[in-house]
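Okay, run.cif now, which holds mmCIF, C-alpha atoms:
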```cif
data_data
loop_
_atom_site.group_PDB
_atom_site.id
_atom_site.type_symbol
_atom_site.label_atom_id
_atom_site.label_comp_id
_atom_site.auth_asym_id
_atom_site.auth_seq_id
_atom_site.Cartn_x
_atom_site.Cartn_y
_atom_site.Cartn_z
ATOM 1 C CA MET A 1 -57.804 60.976 12.622
ATOM 2 C CA ARG A 2 -56.799 59.633 16.075
ATOM 3 C CA ILE A 3 -55.414 63.038 17.045
ATOM 4 C CA LEU A 4 -58.673 64.724 16.022
ATOM 5 C CA LYS A 5 -60.687 62.193 18.029
ATOM 6 C CA SER A 6 -58.509 62.762 21.086
ATOM 7 C CA LEU A 7 -58.960 66.523 20.764
ATOM 8 C CA PHE A 8 -62.715 66.087 20.559
ATOM 9 C CA VAL A 9 -62.808 63.916 23.693
ATOM 10 C CA LEU A 10 -60.577 66.356 25.574
ATOM 11 C CA LEU A 11 -62.836 69.314 24.804
ATOM 12 C CA SER A 12 -65.848 67.304 25.898
ATOM 13 C CA ILE A 13 -64.284 66.408 29.234
ATOM 14 C CA THR A 14 -63.007 69.904 30.051
ATOM 15 C CA ALA A 15 -66.434 71.541 29.550
ATOM 16 C CA TYR A 16 -68.045 72.310 32.930
ATOM 17 C CA THR A 17 -71.620 72.990 33.935
ATOM 18 C CA SER A 18 -73.266 76.373 34.376
ATOM 19 C CA THR A 19 -76.627 76.941 36.034
ATOM 20 C CA TYR A 20 -77.522 79.865 33.773
ATOM 21 C CA ALA A 21 -78.527 80.339 30.173
ATOM 22 C CA GLN A 22 -79.911 83.185 28.174
ATOM 23 C CA TYR A 23 -82.872 83.784 25.920
ATOM 24 C CA THR A 24 -82.639 86.359 23.143
ATOM 25 C CA GLU A 25 -85.503 88.661 22.269
ATOM 26 C CA VAL A 26 -84.706 88.291 18.568
ATOM 27 C CA ILE A 27 -84.634 84.974 16.763
ATOM 28 C CA ASN A 28 -81.439 82.973 17.350
ATOM 29 C CA SER A 29 -80.970 81.116 14.045
ATOM 30 C CA ASN A 30 -78.141 78.814 12.989
ATOM 31 C CA ARG A 31 -78.608 79.971 9.420
ATOM 32 C CA PRO A 32 -77.255 81.071 6.979
ATOM 33 C CA GLY A 33 -74.204 78.878 7.750
ATOM 34 C CA VAL A 34 -74.286 75.211 8.737
ATOM 35 C CA SER A 35 -72.597 75.523 12.124
ATOM 36 C CA GLU A 36 -74.511 75.331 15.424
ATOM 37 C CA SER A 37 -74.712 78.160 17.925
ATOM 38 C CA ALA A 38 -73.808 77.282 21.516
ATOM 39 C CA PHE A 39 -77.071 78.826 22.728
ATOM 40 C CA SER A 40 -80.488 77.195 22.707
ATOM 41 C CA VAL A 41 -83.642 78.863 21.432
ATOM 42 C CA GLY A 42 -85.093 79.163 24.953
ATOM 43 C CA THR A 43 -87.813 77.258 26.776
ATOM 44 C CA ASN A 44 -91.191 77.001 25.063
ATOM 45 C CA VAL A 45 -89.811 78.347 21.799
ATOM 46 C CA ILE A 46 -90.459 76.364 18.610
ATOM 47 C CA GLN A 47 -88.213 77.407 15.753
ATOM 48 C CA PHE A 48 -88.271 76.406 12.088
ATOM 49 C CA GLU A 49 -85.253 76.886 9.819
ATOM 50 C CA ALA A 50 -85.339 75.794 6.184
ATOM 51 C CA GLY A 51 -83.697 76.493 2.862
ATOM 52 C CA ALA A 52 -83.231 75.416 -0.728
ATOM 53 C CA PHE A 53 -79.898 75.035 -2.501
ATOM 54 C CA THR A 54 -78.524 74.204 -5.918
ATOM 55 C CA VAL A 55 -76.134 71.311 -6.517
ATOM 56 C CA LYS A 56 -73.263 71.659 -8.985
ATOM 57 C CA GLU A 57 -70.235 69.356 -8.790
ATOM 58 C CA GLU A 58 -67.615 68.219 -11.270
ATOM 59 C CA HIS A 59 -65.067 65.465 -10.727
ATOM 60 C CA THR A 60 -62.277 66.037 -13.243
ATOM 61 C CA PRO A 61 -60.200 62.823 -12.779
ATOM 62 C CA LEU A 62 -63.243 60.525 -12.838
ATOM 63 C CA ASP A 63 -65.037 62.645 -15.449
ATOM 64 C CA TYR A 64 -68.515 62.922 -13.976
ATOM 65 C CA GLU A 65 -70.860 65.801 -13.149
ATOM 66 C CA VAL A 66 -73.632 66.162 -10.582
ATOM 67 C CA SER A 67 -76.456 68.698 -10.897
ATOM 68 C CA GLY A 68 -79.692 69.113 -9.019
ATOM 69 C CA PHE A 69 -81.241 70.735 -5.974
ATOM 70 C CA GLY A 70 -81.680 70.137 -2.291
ATOM 71 C CA LEU A 71 -83.794 71.139 0.691
ATOM 72 C CA ASP A 72 -82.593 71.381 4.265
ATOM 73 C CA PHE A 73 -84.564 71.936 7.441
ATOM 74 C CA SER A 74 -84.210 72.148 11.198
ATOM 75 C CA ILE A 75 -86.911 72.110 13.871
ATOM 76 C CA ARG A 76 -85.659 73.319 17.257
ATOM 77 C CA TYR A 77 -87.503 73.295 20.571
ATOM 78 C CA GLY A 78 -86.460 74.551 24.014
ATOM 79 C CA LEU A 79 -87.562 72.024 26.631
ATOM 80 C CA LEU A 80 -87.582 72.146 30.465
ATOM 81 C CA PHE A 81 -84.400 74.200 30.926
ATOM 82 C CA GLU A 82 -83.091 77.351 29.268
ATOM 83 C CA GLN A 83 -79.914 75.430 28.422
ATOM 84 C CA LEU A 84 -81.633 72.456 26.742
ATOM 85 C CA GLU A 85 -82.699 72.245 23.109
ATOM 86 C CA LEU A 86 -84.131 69.339 21.115
ATOM 87 C CA SER A 87 -83.741 69.336 17.346
ATOM 88 C CA LEU A 88 -84.703 67.446 14.209
ATOM 89 C CA ASP A 89 -82.465 68.128 11.197
ATOM 90 C CA GLY A 90 -82.490 66.879 7.630
ATOM 91 C CA ILE A 91 -80.999 67.421 4.188
ATOM 92 C CA TYR A 92 -82.875 66.046 1.173
ATOM 93 C CA GLN A 93 -81.192 66.014 -2.226
ATOM 94 C CA ASN A 94 -82.479 65.244 -5.728
ATOM 95 C CA ASP A 95 -79.805 65.181 -8.421
ATOM 96 C CA LYS A 96 -78.602 63.684 -11.686
ATOM 97 C CA VAL A 97 -75.151 62.163 -12.100
ATOM 98 C CA GLN A 98 -73.787 62.372 -15.642
ATOM 99 C CA ILE A 99 -71.015 59.803 -16.037
ATOM 100 C CA ASN A 100 -68.796 60.536 -19.019
ATOM 101 C CA ASN A 101 -65.966 58.044 -18.510
ATOM 102 C CA ALA A 102 -67.939 55.017 -19.700
ATOM 103 C CA ALA A 103 -67.831 53.698 -23.258
ATOM 104 C CA VAL A 104 -71.343 55.074 -23.596
ATOM 105 C CA PRO A 105 -72.015 58.084 -21.310
ATOM 106 C CA PHE A 106 -75.127 57.700 -19.170
ATOM 107 C CA ASP A 107 -77.108 59.486 -16.448
ATOM 108 C CA ASP A 108 -78.010 58.217 -13.014
ATOM 109 C CA LYS A 109 -80.756 59.900 -10.985
ATOM 110 C CA ARG A 110 -80.602 59.954 -7.189
ATOM 111 C CA SER A 111 -82.937 61.211 -4.473
ATOM 112 C CA ASN A 112 -82.883 60.643 -0.744
ATOM 113 C CA PHE A 113 -81.894 62.179 2.577
ATOM 114 C CA ARG A 114 -78.200 62.905 2.947
ATOM 115 C CA ASN A 115 -78.839 63.458 6.643
ATOM 116 C CA PHE A 116 -81.784 62.862 8.951
ATOM 117 C CA THR A 117 -80.859 63.434 12.582
ATOM 118 C CA ILE A 118 -82.588 63.859 15.924
ATOM 119 C CA GLY A 119 -80.614 65.147 18.891
ATOM 120 C CA ALA A 120 -80.283 67.322 21.967
ATOM 121 C CA LYS A 121 -77.940 70.218 22.791
ATOM 122 C CA TYR A 122 -77.117 71.495 26.258
ATOM 123 C CA LEU A 123 -75.324 74.719 27.179
ATOM 124 C CA VAL A 124 -72.780 73.664 29.812
ATOM 125 C CA TYR A 125 -70.968 76.971 30.284
ATOM 126 C CA ASP A 126 -72.229 80.518 29.745
ATOM 127 C CA PRO A 127 -69.802 83.425 30.285
ATOM 128 C CA TYR A 128 -72.626 85.888 29.521
ATOM 129 C CA LYS A 129 -74.813 84.816 32.455
ATOM 130 C CA ASN A 130 -74.207 88.182 34.150
ATOM 131 C CA ALA A 131 -74.677 90.230 30.966
ATOM 132 C CA GLU A 132 -77.266 92.411 32.708
ATOM 133 C CA GLU A 133 -74.547 93.637 35.061
ATOM 134 C CA ALA A 134 -72.303 94.691 32.170
ATOM 135 C CA LYS A 135 -74.194 97.904 31.474
ATOM 136 C CA PRO A 136 -72.905 100.133 28.673
ATOM 137 C CA ASN A 137 -70.984 103.251 29.631
ATOM 138 C CA LEU A 138 -73.389 106.039 28.733
ATOM 139 C CA TYR A 139 -70.626 108.629 28.817
ATOM 140 C CA SER A 140 -67.942 106.920 26.729
ATOM 141 C CA TYR A 141 -68.459 105.660 23.193
ATOM 142 C CA HIS A 142 -64.858 104.419 23.018
ATOM 143 C CA ALA A 143 -65.159 102.496 26.276
ATOM 144 C CA ASN A 144 -67.982 100.441 24.812
ATOM 145 C CA ARG A 145 -65.979 99.725 21.634
ATOM 146 C CA LYS A 146 -62.876 98.668 23.557
ATOM 147 C CA PHE A 147 -61.801 95.042 23.395
ATOM 148 C CA GLN A 148 -62.737 93.019 26.486
ATOM 149 C CA TRP A 149 -60.468 90.140 27.452
ATOM 150 C CA LYS A 150 -63.425 88.306 28.976
ATOM 151 C CA SER A 151 -64.886 87.897 25.483
ATOM 152 C CA LEU A 152 -62.103 85.392 24.715
ATOM 153 C CA ILE A 153 -63.856 82.912 27.020
ATOM 154 C CA PRO A 154 -66.473 81.123 24.900
ATOM 155 C CA ALA A 155 -69.872 79.747 25.733
ATOM 156 C CA VAL A 156 -69.728 75.947 25.460
ATOM 157 C CA ALA A 157 -72.462 73.485 24.520
ATOM 158 C CA VAL A 158 -72.458 69.727 23.946
ATOM 159 C CA TYR A 159 -74.686 67.843 21.522
ATOM 160 C CA ALA A 160 -75.610 64.177 21.201
ATOM 161 C CA GLY A 161 -77.847 62.757 18.514
ATOM 162 C CA ALA A 162 -78.649 59.841 16.248
ATOM 163 C CA ASN A 163 -78.660 59.646 12.454
ATOM 164 C CA PHE A 164 -81.245 57.541 10.702
ATOM 165 C CA ASP A 165 -80.131 56.270 7.278
ATOM 166 C CA THR A 166 -82.267 54.196 4.945
ATOM 167 C CA LYS A 167 -80.797 51.009 3.542
ATOM 168 C CA ASN A 168 -78.810 51.332 0.277
ATOM 169 C CA ASN A 169 -79.141 55.111 0.282
ATOM 170 C CA PRO A 170 -77.282 56.276 -2.891
ATOM 171 C CA LEU A 171 -76.262 59.524 -1.132
ATOM 172 C CA ILE A 172 -74.342 57.730 1.647
ATOM 173 C CA PRO A 173 -71.440 58.065 1.534
ATOM 174 C CA TYR A 174 -71.943 61.412 -0.166
ATOM 175 C CA ASN A 175 -69.761 62.381 -3.154
ATOM 176 C CA VAL A 176 -68.866 58.771 -3.915
ATOM 177 C CA ILE A 177 -70.278 57.521 -7.212
ATOM 178 C CA SER A 178 -70.822 53.807 -6.663
ATOM 179 C CA THR A 179 -73.542 51.306 -5.905
ATOM 180 C CA SER A 180 -74.301 51.891 -2.263
ATOM 181 C CA ASN A 181 -74.586 48.797 -0.093
ATOM 182 C CA ASN A 182 -74.881 50.442 3.316
ATOM 183 C CA ASP A 183 -77.098 48.689 5.828
ATOM 184 C CA GLY A 184 -78.876 51.813 7.037
ATOM 185 C CA GLY A 185 -80.138 52.135 10.590
ATOM 186 C CA PHE A 186 -79.066 54.423 13.448
ATOM 187 C CA SER A 187 -75.621 55.823 14.184
ATOM 188 C CA PRO A 188 -74.425 58.284 16.862
ATOM 189 C CA LYS A 189 -73.411 61.904 16.304
ATOM 190 C CA VAL A 190 -71.677 64.044 18.944
ATOM 191 C CA MET A 191 -70.511 67.663 18.887
ATOM 192 C CA VAL A 192 -68.912 70.392 20.974
ATOM 193 C CA ALA A 193 -70.044 73.932 20.029
ATOM 194 C CA THR A 194 -68.398 77.115 21.283
ATOM 195 C CA GLN A 195 -69.370 80.753 20.796
ATOM 196 C CA ASN A 196 -67.563 84.037 21.439
ATOM 197 C CA ASN A 197 -69.460 87.348 21.328
ATOM 198 C CA PHE A 198 -67.207 90.357 20.788
ATOM 199 C CA ASN A 199 -67.900 94.087 20.937
ATOM 200 C CA GLY A 200 -68.967 95.729 17.711
ATOM 201 C CA GLY A 201 -71.375 92.965 16.641
ATOM 202 C CA TRP A 202 -68.772 90.230 15.962
ATOM 203 C CA VAL A 203 -69.576 86.588 16.807
ATOM 204 C CA PHE A 204 -67.289 83.568 16.359
ATOM 205 C CA VAL A 205 -68.687 80.009 16.452
ATOM 206 C CA MET A 206 -66.700 76.781 16.381
ATOM 207 C CA ASN A 207 -68.061 73.230 15.998
ATOM 208 C CA LEU A 208 -66.136 69.968 16.414
ATOM 209 C CA ILE A 209 -68.187 66.978 15.242
ATOM 210 C CA MET A 210 -67.883 63.198 15.084
ATOM 211 C CA ASP A 211 -70.595 61.846 12.777
ATOM 212 C CA ARG A 212 -71.909 58.334 11.998
ATOM 213 C CA ILE A 213 -69.721 56.900 14.720
ATOM 214 C CA GLY A 214 -69.059 53.155 14.468
ATOM 215 C CA THR A 215 -70.038 52.837 10.798
ATOM 216 C CA ASP A 216 -67.900 52.492 7.682
ATOM 217 C CA TYR A 217 -68.779 56.108 6.873
ATOM 218 C CA SER A 218 -67.731 57.804 10.119
ATOM 219 C CA GLU A 219 -66.120 61.216 9.728
ATOM 220 C CA PHE A 220 -64.766 64.153 11.692
ATOM 221 C CA GLN A 221 -65.863 67.698 10.848
ATOM 222 C CA TYR A 222 -64.863 71.132 12.038
ATOM 223 C CA MET A 223 -66.644 74.417 11.335
ATOM 224 C CA PHE A 224 -65.456 77.958 11.996
ATOM 225 C CA THR A 225 -68.038 80.724 11.470
ATOM 226 C CA LEU A 226 -67.478 84.462 11.858
ATOM 227 C CA THR A 227 -70.481 86.808 11.646
ATOM 228 C CA HIS A 228 -70.762 90.569 11.868
ATOM 229 C CA SER A 229 -73.945 92.586 12.375
ATOM 230 C CA PHE A 230 -73.291 96.038 10.968
ATOM 231 C CA THR A 231 -76.871 97.167 11.680
ATOM 232 C CA PRO A 232 -79.503 95.664 14.029
ATOM 233 C CA GLN A 233 -81.076 93.945 10.989
ATOM 234 C CA TRP A 234 -78.231 93.072 8.597
ATOM 235 C CA VAL A 235 -75.532 90.470 9.219
ATOM 236 C CA VAL A 236 -72.780 89.033 6.997
ATOM 237 C CA PHE A 237 -70.780 85.869 7.600
ATOM 238 C CA GLY A 238 -67.882 83.739 6.436
ATOM 239 C CA GLU A 239 -67.493 80.052 7.227
ATOM 240 C CA ALA A 240 -64.933 77.273 6.764
ATOM 241 C CA GLN A 241 -65.999 73.628 6.997
ATOM 242 C CA GLY A 242 -63.508 70.772 7.050
ATOM 243 C CA ILE A 243 -64.507 67.144 6.450
ATOM 244 C CA ASP A 244 -62.177 64.216 7.186
ATOM 245 C CA GLY A 245 -63.506 60.752 6.373
ATOM 246 C CA ASP A 246 -62.390 57.487 4.792
ATOM 247 C CA PHE A 247 -64.629 58.016 1.754
ATOM 248 C CA TYR A 248 -64.761 61.781 1.447
ATOM 249 C CA SER A 249 -62.606 64.668 2.653
ATOM 250 C CA ASP A 250 -62.999 68.304 1.720
ATOM 251 C CA ASN A 251 -62.704 71.940 2.754
ATOM 252 C CA ILE A 252 -65.781 74.012 1.938
ATOM 253 C CA PHE A 253 -66.101 77.792 2.275
ATOM 254 C CA ARG A 254 -69.316 79.788 2.604
ATOM 255 C CA PHE A 255 -70.088 83.483 2.415
ATOM 256 C CA GLY A 256 -73.408 85.247 2.681
ATOM 257 C CA GLY A 257 -75.739 87.288 4.814
ATOM 258 C CA ALA A 258 -79.074 87.479 6.565
ATOM 259 C CA TYR A 259 -81.791 90.076 7.063
ATOM 260 C CA LEU A 260 -83.895 90.226 10.228
ATOM 261 C CA TRP A 261 -87.360 91.068 8.873
ATOM 262 C CA THR A 262 -89.004 91.004 12.306
ATOM 263 C CA LYS A 263 -87.765 89.835 15.684
ATOM 264 C CA ASP A 264 -89.190 86.361 14.879
ATOM 265 C CA PHE A 265 -88.467 86.080 11.130
ATOM 266 C CA GLN A 266 -85.149 86.018 9.239
ATOM 267 C CA LEU A 267 -84.208 85.676 5.552
ATOM 268 C CA ASP A 268 -80.771 84.557 4.356
ATOM 269 C CA ALA A 269 -78.618 83.648 1.345
ATOM 270 C CA ASN A 270 -75.138 82.210 0.806
ATOM 271 C CA ILE A 271 -72.773 80.616 -1.682
ATOM 272 C CA ALA A 272 -70.553 77.583 -1.003
ATOM 273 C CA PHE A 273 -67.474 76.384 -2.864
ATOM 274 C CA ASN A 274 -64.274 74.413 -2.443
ATOM 275 C CA THR A 275 -60.825 74.606 -4.019
ATOM 276 C CA LYS A 276 -60.300 71.128 -5.481
ATOM 277 C CA ASP A 277 -61.598 69.138 -8.450
ATOM 278 C CA THR A 278 -62.255 65.754 -6.827
ATOM 279 C CA PRO A 279 -64.980 66.983 -7.033
ATOM 280 C CA SER A 280 -65.329 70.758 -7.322
ATOM 281 C CA VAL A 281 -68.338 72.147 -5.448
ATOM 282 C CA PHE A 282 -70.392 75.287 -6.050
ATOM 283 C CA ASN A 283 -73.798 75.770 -4.417
ATOM 284 C CA ILE A 284 -76.181 78.703 -4.019
ATOM 285 C CA ALA A 285 -78.645 78.648 -1.114
ATOM 286 C CA PHE A 286 -81.605 80.694 0.092
ATOM 287 C CA GLY A 287 -83.474 80.192 3.329
ATOM 288 C CA ALA A 288 -85.617 81.519 6.132
ATOM 289 C CA SER A 289 -86.061 81.078 9.871
ATOM 290 C CA TYR A 290 -89.229 81.608 11.899
ATOM 291 C CA ARG A 291 -90.099 81.015 15.515
ATOM 292 C CA LEU A 292 -93.210 80.628 17.631
ATOM 293 C CA ASP A 293 -92.268 82.359 20.847
ATOM 294 C CA PHE A 294 -94.092 81.180 23.984
ATOM 295 C CA HIS A 295 -91.207 82.021 26.285
ATOM 296 C CA LYS A 296 -92.362 83.473 29.635
ATOM 297 C CA ASP A 297 -89.139 83.988 31.577
ATOM 298 C CA LYS A 298 -87.188 87.210 31.871
ATOM 299 C CA LYS A 299 -85.679 88.244 28.547
ATOM 300 C CA ILE A 300 -81.925 88.778 28.621
ATOM 301 C CA ASP A 301 -79.561 89.803 25.865
ATOM 302 C CA ASN A 302 -77.001 87.077 25.069
ATOM 303 C CA GLY A 303 -74.094 89.484 24.968
ATOM 304 C CA ASN A 304 -74.196 90.532 21.310
ATOM 305 C CA GLY A 305 -76.090 93.753 22.077
ATOM 306 C CA ASN A 306 -78.993 92.971 19.725
ATOM 307 C CA ASP A 307 -82.322 92.907 21.583
ATOM 308 C CA GLY A 308 -84.632 93.292 18.619
ATOM 309 C CA ASN A 309 -86.139 96.667 19.526
ATOM 310 C CA PHE A 310 -85.198 98.236 16.215
ATOM 311 C CA LYS A 311 -87.653 101.129 16.247
ATOM 312 C CA LYS A 312 -87.023 101.938 19.879
ATOM 313 C CA LYS A 313 -83.266 101.899 19.356
ATOM 314 C CA ARG A 314 -83.513 104.314 16.453
ATOM 315 C CA LYS A 315 -85.551 106.749 18.511
ATOM 316 C CA LYS A 316 -83.070 106.493 21.361
ATOM 317 C CA LYS A 317 -80.201 107.307 19.028
ATOM 318 C CA LYS A 318 -81.549 110.800 18.503
ATOM 319 C CA LYS A 319 -82.041 111.358 22.205
ATOM 320 C CA THR A 320 -78.668 109.982 23.340
ATOM 321 C CA ASP A 321 -76.401 111.746 20.871
ATOM 322 C CA ASP A 322 -76.216 108.852 18.382
ATOM 323 C CA PHE A 323 -75.200 106.277 20.975
ATOM 324 C CA ASP A 324 -76.426 102.732 20.674
ATOM 325 C CA SER A 325 -76.116 100.297 23.559
ATOM 326 C CA ASP A 326 -74.471 97.686 21.376
ATOM 327 C CA GLY A 327 -71.717 100.067 20.392
ATOM 328 C CA ILE A 328 -72.529 99.969 16.661
#
```
Since I need it in another form, could you write the structure as structure tokens?
Amino acid sequence: MRILKSLFVLLSITAYTSTYAQYTEVINSNRPGVSESAFSVGTNVIQFEAGAFTVKEEHTPLDYEVSGFGLDFSIRYGLLFEQLELSLDGIYQNDKVQINNAAVPFDDKRSNFRNFTIGAKYLVYDPYKNAEEAKPNLYSYHANRKFQWKSLIPAVAVYAGANFDTKNNPLIPYNVISTSNNDGGFSPKVMVATQNNFNGGWVFVMNLIMDRIGTDYSEFQYMFTLTHSFTPQWVVFGEAQGIDGDFYSDNIFRFGGAYLWTKDFQLDANIAFNTKDTPSVFNIAFGASYRLDFHKDKKIDNGNGNDGNFKKKRKKKKKTDDFDSDGI
């Protein structure tokens, strides 16, 4: 745990400030995974992201099962600077715990917020600030598909926020079946988020998180998310989430996809599971993202080649011998 904390501090210190950021013409959603993009939504953009998920867990050694449902949401707003984003995030869960290891099996119903967090994210380094200068080669399809070493340099953002937990919340710490006696209140959360955009519609996001700092339930998390847009509207993803805490540790994997219905509206779905039985986890989730776009500044592509002009791009394909500026 100390090594992980040291790594987190080191990454925070080595991040350096950029005076540029970029707004995308299509919605920039953190869904369908749970990791955070390094980029903000853009000034004067209000974005809503929400979903519903099933809960199915079985703890073989302790012989109990958890079943139910949950709702998660995020409200994101770009304020003052292109690099700055404010957010309100929450996960509400309603479930039933069936305890079978007692002399007489019984059920215990729970409902509360697993997380309720307000915070701010700031893009401190943006390697795509000169993306307008990196024009596609109109005469070479292969040149635009070629790997670029510069893409190994990620965009970097830092996040600081505060969790609000109600007193004696039965879902804190999560995945521990016991009478909760936590005191509730506020606790800090900090994160470093990086993002690499590669040719061919590939994007890699990494999050390093310290959550509920200073409480008995503090934990370190990492998230690695790889997405691929194989058309301007369809994207698939895979994600690994690691959790290291005194009460609960796990490795959770997610796979799914999203469909860009319009440039401001996205639908998504995913499944999540782990590989252990203390407890085993299997969830199915569906969600959507929508934004109110009042952005007035110049619109710049964030380096992934997807500017949202689906119909225009398709018409251009016929006129430019099936070439698309994003190389797909």
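Shortest atom-to-atom contact with Ala288 in chain A among A:Lys167, A:Arg31, A:Lys129, A:Lys276: A:Arg31, counting all atoms listed in the file.
Atom to atom, CA of Val55 in chain A and CA of Phe282 in chain A stand 7.0 Å apart.
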Next on the checklist: Excluding Glu49 in chain A and its own-chain neighbours fewer than 2 positions away, which residues fall within 10 Å of it when counting only C-alpha atoms? Please give them as a PyMOL selection string.
Outcome noted: chain A and resi 29-32+47+51+72-76+89+265-267+287-291
File dump, residues just selected, C-alpha atoms, as a PDB file, in the frame of the given file:
```pdb
ATOM      1  CA  SER A  29     -80.970  81.116  14.045  1.00  0.00           C
ATOM      2  CA  ASN A  30     -78.141  78.814  12.989  1.00  0.00           C
ATOM      3  CA  ARG A  31     -78.608  79.971   9.420  1.00  0.00           C
ATOM      4  CA  PRO A  32     -77.255  81.071   6.979  1.00  0.00           C
ATOM      5  CA  GLN A  47     -88.213  77.407  15.753  1.00  0.00           C
ATOM      6  CA  GLY A  51     -83.697  76.493   2.862  1.00  0.00           C
ATOM      7  CA  ASP A  72     -82.593  71.381   4.265  1.00  0.00           C
ATOM      8  CA  PHE A  73     -84.564  71.936   7.441  1.00  0.00           C
ATOM      9  CA  SER A  74     -84.210  72.148  11.198  1.00  0.00           C
ATOM     10  CA  ILE A  75     -86.911  72.110  13.871  1.00  0.00           C
ATOM     11  CA  ARG A  76     -85.659  73.319  17.257  1.00  0.00           C
ATOM     12  CA  ASP A  89     -82.465  68.128  11.197  1.00  0.00           C
ATOM     13  CA  PHE A 265     -88.467  86.080  11.130  1.00  0.00           C
ATOM     14  CA  GLN A 266     -85.149  86.018   9.239  1.00  0.00           C
ATOM     15  CA  LEU A 267     -84.208  85.676   5.552  1.00  0.00           C
ATOM     16  CA  GLY A 287     -83.474  80.192   3.329  1.00  0.00           C
ATOM     17  CA  ALA A 288     -85.617  81.519   6.132  1.00  0.00           C
ATOM     18  CA  SER A 289     -86.061  81.078   9.871  1.00  0.00           C
ATOM     19  CA  TYR A 290     -89.229  81.608  11.899  1.00  0.00           C
ATOM     20  CA  ARG A 291     -90.099  81.015  15.515  1.00  0.00           C
TER      21      ARG A 291
END
```
Checklist entry - What separation in Å, quoted to one decimal, exists between CA of Met206 in chain A and CA of Ala38 in chain A? => result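 It comes out at 8.8 Å.
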Next on the checklist: Suppose a student applies the PyMOL selection byres ((chain A and resi 93) around 7) to this structure; what residues should they get, written as a VMD selection string?
Outcome noted: chain A and resid 69 to 71 91 to 92 94 to 95 111 to 114
As AutoDock Vina command-line options, please: the centre and edge lengths in Å, to one decimal, of an axis-aligned box enclosing every listed atom of range 233-241 of chain A with 5 Å added on each side.
```
--center_x -73.0 --center_y 83.8 --center_z 8.7 --size_x 26.1 --size_y 30.3 --size_z 14.6
```
Checklist entry - Interatomic distance between CA of Ser67 in chain A and CA of Asn207 in chain A? => result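 Computing it gives 28.5 Å between the two atoms.
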